[in-house]
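Below is one structure, written out as structure tokens; comments come after it.
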Amino acid sequence: MKLIFDRSTSGRAGVAPVRSDVPVRAEFPAHVLRDRDAALPELSELDVVRHFTELAGRNFGVDNGFYPLGSCTMKYNPKAAATAARNRGFFDLHPLLPQLPTGETLVQGALEVLYELEQQLCEICGMAAFTLQPLAGAHGELTGTMIMAAYHRGSGREKTTVLIPDSAHGTNPASAAIAGFDVRAVPSDPDGLMDMAALKAAIDDRTAGLMLTVPNTLGLFNPRIKEICDLVHDVDGLMYCDGANLNALLGRCRFGDLGFDIVHTNLHKTFGTPHGGGGPGAGPVGVCEKLVEFLPISIVRHQPDGVYYLDYDRPRSIGYVAPFYGNFGVLVQAQAYLLMLGRQGLLRVSENAVLNANYIRAKLQGHYDLPHPQTCMHECVFSASRQAAAGVTAKDVAKALIDRGFHPPTVYFPLTVPEALMIEPTECESRETLDAFIEAMIEIAELAKTNPGEITSCPKKTPVGRLDETLAARKPNTASLA
Amino acid sequence: MPFIANTDEQREQMLAEIGLAEDDLFAAIPRELRARPLQLPDGMPEQEALAYMARLADRNATHLVSFLGGGFYDHFIPSAVQAIVGRSEFYTSYTPYQAEISQGTLQAMYEYQSAICRLTGMEVANASLYDGGTALYEAITMSLRITGRRSVIVDETVNPIHRKMIRSYTGNLGIELAETPPLNSKADRERIAERLTDRTAAVVVQNPNFFGCIDDCTDLGEMAHRNGALLVVACYPISLGLLKTPGDMGADIVTAEGQSLGLGMSFGGPYLGIMATRKQYVRKMPGRIAGRTVDAGGREGFVLTLQAREQHIRREKATSNICTNQNLCALTALAYLSLLGRQGLRKLAQVCADKAYYAQQRLLEIEGVALRFPRNWYFNEFVLELPARADRVIRRLLEKDLAAGFPLNRYYGDMDRSLLVAVTEKRTKEQIDYFAHVLEVSL
């Protein structure tokens, strides 16, 4: 379809220009002015709305259909949460107001949202304190590893290395590196869990900490977690939990109780805020008692008289990681979601998320290779190796699912499973939806045996076919310039 | 539970069919590690939850006539913006890894990148970063990668909140950060020239700067380039409806906080980190990038491209740890810019400048009130020098439901009497006159 710039007709506008009601006009010398207008498109309001409506029709969201993207927790985004964030008292609130003298009295409701959300996350994760500032999951990782660096700097010990399992998200090593650490990968054992011998060999006095995803990216909970925590704590290392998969554990176990010192959560995964096509998210970070002093500036506090205020006087803090208090609009949505769920709701979430994943695991076992056949948590990871041997790869399976009305699972991740198909159904999906997906997956597996060409030629029902990524990277065309 | 579909009966059937008992689901968690019952309230029906949140929203000041800016501005948002961004095909999708069913997001990313290039006068843009501060920090590390150097000069009229963020991040990486105080209101050319060495990767400036002053940085770009360093310019997108582009000033990397492009102030986020650069640096740029390509049938389409820079491929050697863009916010900015259009943005920028100029004239009529930095060009923000401490004046005016601006002594030690005043198109003549009136009587 056309670019919006190609729909432009000189002289059109999508909004009536704002009128000036002041009797003066600001004049500027030519040398500070741009020499021609920015070549933005010129369309009527209807033209613009139709353009984006057409674009929307070329997108697939959770509201369109099943979206079992592993490790991304594509759950339903309750509409009420968005309504809450659009309250004028939140949406129109200037972030500098509390920095004015007596300004905190102007934002008591907003500070209460922050305070309550922090308290609830502390309770859910078993941590001493949370910061809501990190603006995404990876930003939470960076904040967490910066706290790790600050803690070790304070103790005077030379801690240079962060250990990360080979099954981890790519952001883990990238974040640790930006916090100034060397990264050392720890291999998985044949059961998909951390190789204990390799871990013991990797730990030494320079170990700053270990970053672990719980349950891991194979959807497995490591029952030896306590032992791992002890090994790392023995060298005064810190245990970091990537809480991307918290959905599986809500109300079942808490990261703090397991022995973790630092944890980040993803509100856009576990707490129902929209993924937005890739942001904005929110990645709050929780810490144990001894790390509270390192949390970013500022912290919301609560006076005995019920007044909330912001504490900027934090000499040992890692400083500012965000301009203000986090992605507040996202935080409001998570808070609304938690209010609606409550204690019982959280238990129902983890129960149904884990049940749905195991249902898919059991029903597809036999049709696809399942490298780790034990009971899983919130997601299960199949391998299309068997199909790949017949010429149908994980990517082909994904494209065939698209033609059958489903968003594909995550493919080729985790890196430890060849031809990985990582399926996370979430608690929101009904048995009927799961059955339809299972049926489609089985049909694809059968076709891979009998008529692989039917699969490798997919997708056929989409506005474009498989796109040439090599061309895109070799001759980058990343903007239409005027 | 409205967000869970399975009934109790279905759950039992499903468990039976796969041969599991309910306890088996969490059997991998050792008993001694199980959580005690959470101390949380019972869930609320939607009606109660919304009423609860609305009560909290009402405990925030929405009645103020506000002249508060400081890099975050109260601009009008056309209704069509929310109608577009509120389409769930956009907001309930995720990263467009499956390009064939993500052409909506991918084409919008490409169009956003194009609009940013056209606005800033640059050749390539990424699909956005978290916020303006993150974009500035990422621009600094990008300049280190391009030049192979370790030192950066940052002018102190760059937004002080963003400078605080830069300090937190660079602290762990052994980056030498020199912050240079301005001369009067603008980047101090002489001091920067003294500091520039063959170790300097970039000179970082902002236009209009934090004091609202327009500072043509062309000469700084020439100075930086003579020393093999880059020029990084942070800008205010709405001002680019009128003002000379960073591209025309010779900027190598441009960043901006994009909140003003149709996003609510929303108490600090979600915002939009804008980044654009020259074509030759595209492979050194962090963040997602959409690219145009074709399918086997020759049909044009869009994909995420140059992913070899990114963390899911490069892990600890990636250009950045950032794994998403701020996609919905970028879409918001694109919808906003598309609705305003070529002339609309210029007219909007002019009206902001007109109203600010009127406010300046009215406020300067008050005895004892002066411009802190006279003989400057201002866009829509300026610094008043008051005859009393700015924080006291602000407090008095808040009692009259007016947020007069920002007290600069919060970030600049010697500016006790300096008040930073911002005016957008949403402020009326009547409100500006009211401001002048209450300021006069309160002094």
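Ordering of the structure tokens sets the chain letters (A, B, ...), residue numbers begin anew at 1 in every chain, and ligands are numbered from 1 in the order given.
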
Which residues, written as a list in words, have at least one atom at most 12 Å from B:Leu20, with only C-alpha atoms counted and residues fewer than 4 positions away on the same chain left out? Val354, Leu355, Asn358, Tyr359, Ala362, Gln374, Thr375 and Cys376 of chain A; Arg11, Glu12, Gln13, Met14, Leu15, Ala16, Asp24, Leu25, Phe26 and Ala27 of chain B

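All residues of protein, DNA or RNA that reach within 8 Å of A:Val48, judged by only C-alpha atoms and not counting those fewer than 6 positions away in the chain, are Ile4 and Gly14 of chain A; Ala335, Ser338 and Leu339 of chain B.
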
Limited to N, CA and C atoms, could you put the picked residues into a file as a tab-separated table (two decimals), in the first residue's frame?
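The result, stored in out-v7.tsv:
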chain	number	residue	atom	x	y	z
A	4	ILE	N	2.22	7.13	3.48
A	4	ILE	CA	1.38	8.29	3.77
A	4	ILE	C	1.87	9.51	3.01
A	14	GLY	N	-5.01	18.04	8.21
A	14	GLY	CA	-5.85	17.15	9.01
A	14	GLY	C	-6.40	17.80	10.26
B	335	ALA	N	1.13	9.81	13.77
B	335	ALA	CA	-0.26	10.22	13.54
B	335	ALA	C	-0.41	11.72	13.76
B	338	SER	N	1.21	13.65	10.95
B	338	SER	CA	0.45	13.48	9.71
B	338	SER	C	-0.81	14.36	9.73
B	339	LEU	N	-1.42	14.48	10.89
B	339	LEU	CA	-2.62	15.31	11.00
B	339	LEU	C	-2.27	16.79	10.88

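Computed from the coordinates, the atom CA of B:Met165 to atom CA of A:Pro323 distance equals 7.1 Å.
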
What lies within 9 Å of B:Arg315 using only C-alpha atoms, ignoring chain neighbours under 6 positions off, as a PDB file with N, CA and C atoms, in the first residue's frame?
ATOM      1  N   HIS A 169      17.681 -14.780  27.776  1.00  0.00           N
ATOM      2  CA  HIS A 169      17.367 -13.743  26.798  1.00  0.00           C
ATOM      3  C   HIS A 169      18.637 -12.967  26.459  1.00  0.00           C
ATOM      4  N   GLY A 170      18.769 -12.526  25.205  1.00  0.00           N
ATOM      5  CA  GLY A 170      19.958 -11.793  24.765  1.00  0.00           C
ATOM      6  C   GLY A 170      20.164 -10.489  25.493  1.00  0.00           C
ATOM      7  N   THR A 171      19.079  -9.934  26.049  1.00  0.00           N
ATOM      8  CA  THR A 171      19.223  -8.671  26.770  1.00  0.00           C
ATOM      9  C   THR A 171      20.044  -8.855  28.047  1.00  0.00           C
ATOM     10  N   ASN A 172      20.031 -10.052  28.654  1.00  0.00           N
ATOM     11  CA  ASN A 172      20.768 -10.257  29.911  1.00  0.00           C
ATOM     12  C   ASN A 172      22.254  -9.945  29.732  1.00  0.00           C
ATOM     13  N   PRO A 173      22.946 -10.631  28.814  1.00  0.00           N
ATOM     14  CA  PRO A 173      24.367 -10.297  28.632  1.00  0.00           C
ATOM     15  C   PRO A 173      24.587  -8.872  28.147  1.00  0.00           C
ATOM     16  N   ALA A 174      23.703  -8.357  27.296  1.00  0.00           N
ATOM     17  CA  ALA A 174      23.885  -6.994  26.792  1.00  0.00           C
ATOM     18  C   ALA A 174      23.773  -5.986  27.943  1.00  0.00           C
ATOM     19  N   SER A 175      22.805  -6.188  28.831  1.00  0.00           N
ATOM     20  CA  SER A 175      22.627  -5.261  29.959  1.00  0.00           C
ATOM     21  C   SER A 175      23.815  -5.329  30.910  1.00  0.00           C
TER      22      SER A 175
ATOM     23  N   ASN B 321      21.653  -2.477  24.892  1.00  0.00           N
ATOM     24  CA  ASN B 321      20.863  -3.575  25.461  1.00  0.00           C
ATOM     25  C   ASN B 321      19.379  -3.412  25.156  1.00  0.00           C
TER      26      ASN B 321
END

Taking only stretch 127-305 of chain B into account, list the residues labelled helix (DSSP H, G or I) by DSSP (computed from the backbone), as an NGL selection string. :B and (132-147 or 160-170 or 189-195 or 218-226 or 237-241 or 247-249 or 266-268 or 279-284)

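Distances to chain A were evaluated for B:Ser151, B:Asn380, B:Ser88, B:Gln82 using only C-alpha atoms, and the minimum falls at B:Ser88.
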
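With only C-alpha atoms taken into account, the protein and nucleic acid residues at most 8 Å from stretch 169-175 of chain B (excluding it and anything under 4 positions from it in its own chain) are Met146, Ala149, Ile178, Ala179, Gly180 and Val321 of chain A; Tyr137, Arg150, Ser151, Val152 and Met165 of chain B.
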
Got time to write the residues from that selection, C-alpha atoms, as an mmCIF file, in the first residue's frame?
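Just written: result23.cif:
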data_model
loop_
_atom_site.group_PDB
_atom_site.id
_atom_site.type_symbol
_atom_site.label_atom_id
_atom_site.label_comp_id
_atom_site.auth_asym_id
_atom_site.auth_seq_id
_atom_site.Cartn_x
_atom_site.Cartn_y
_atom_site.Cartn_z
ATOM 1 C CA MET A 146 23.956 -1.151 37.883
ATOM 2 C CA ALA A 149 27.931 -2.797 40.373
ATOM 3 C CA ILE A 178 26.584 -1.954 29.671
ATOM 4 C CA ALA A 179 26.712 -1.980 33.474
ATOM 5 C CA GLY A 180 30.448 -2.576 33.032
ATOM 6 C CA VAL A 321 17.807 5.935 35.192
ATOM 7 C CA TYR B 137 22.917 8.730 26.405
ATOM 8 C CA ARG B 150 36.394 7.922 25.246
ATOM 9 C CA SER B 151 35.667 11.543 26.133
ATOM 10 C CA VAL B 152 32.550 13.714 25.694
ATOM 11 C CA MET B 165 20.701 10.260 33.437
#

Would you list the contacts of stretch 127-142 of chain A as a PyMOL selection string, taking every protein, DNA or RNA residue within 7 Å and counting only C-alpha atoms, but skipping same-chain residues closer than 4 positions in sequence? (chain A and resi 118+122-123+146+171-172+175-176+179+256+264-266+281-289+292+295+321-322+325-327) or (chain B and resi 130+321-323)

Quick one: residues within 10 Å of stretch 405-412 of chain B, only C-alpha atoms counted, chain neighbours fewer than 6 positions away excluded, as a ChimeraX atom specification? /A:96-97,99-101 /B:66-70,156-157,159-161,210-211,381-384,389-394,397,418-423

Taking into account only C-alpha atoms, which residue in the set A:Val392, A:Leu310, A:Cys72, A:Leu291 is nearest to A:Pro409? A:Cys72

Between A:Thr83, A:Thr161, A:Asn59, A:Ser188, which residue has the minimum interatomic distance to chain B, considering only C-alpha atoms?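 Of all the options, A:Asn59 lies closest to chain B.
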
Give me, as a list of chain:residue names, all polymer residues having an atom no more than 12 Å from B:Gly148, counting only C-alpha atoms and skipping those fewer than 5 positions away in the same chain.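 Here the answer would be B:Ile140, B:Thr141, B:Met142, B:Ser143, B:Ile175, B:Asp198, B:Arg199, B:Thr200, B:Ala201, B:Ala202, B:Gly228, B:Ala229, B:Leu230, B:Lys284.
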
So which one's closest to B:Gln113, B:Arg375, B:Asn126, B:Gln10, B:Glu399? Using only C-alpha atoms, please. B:Asn126
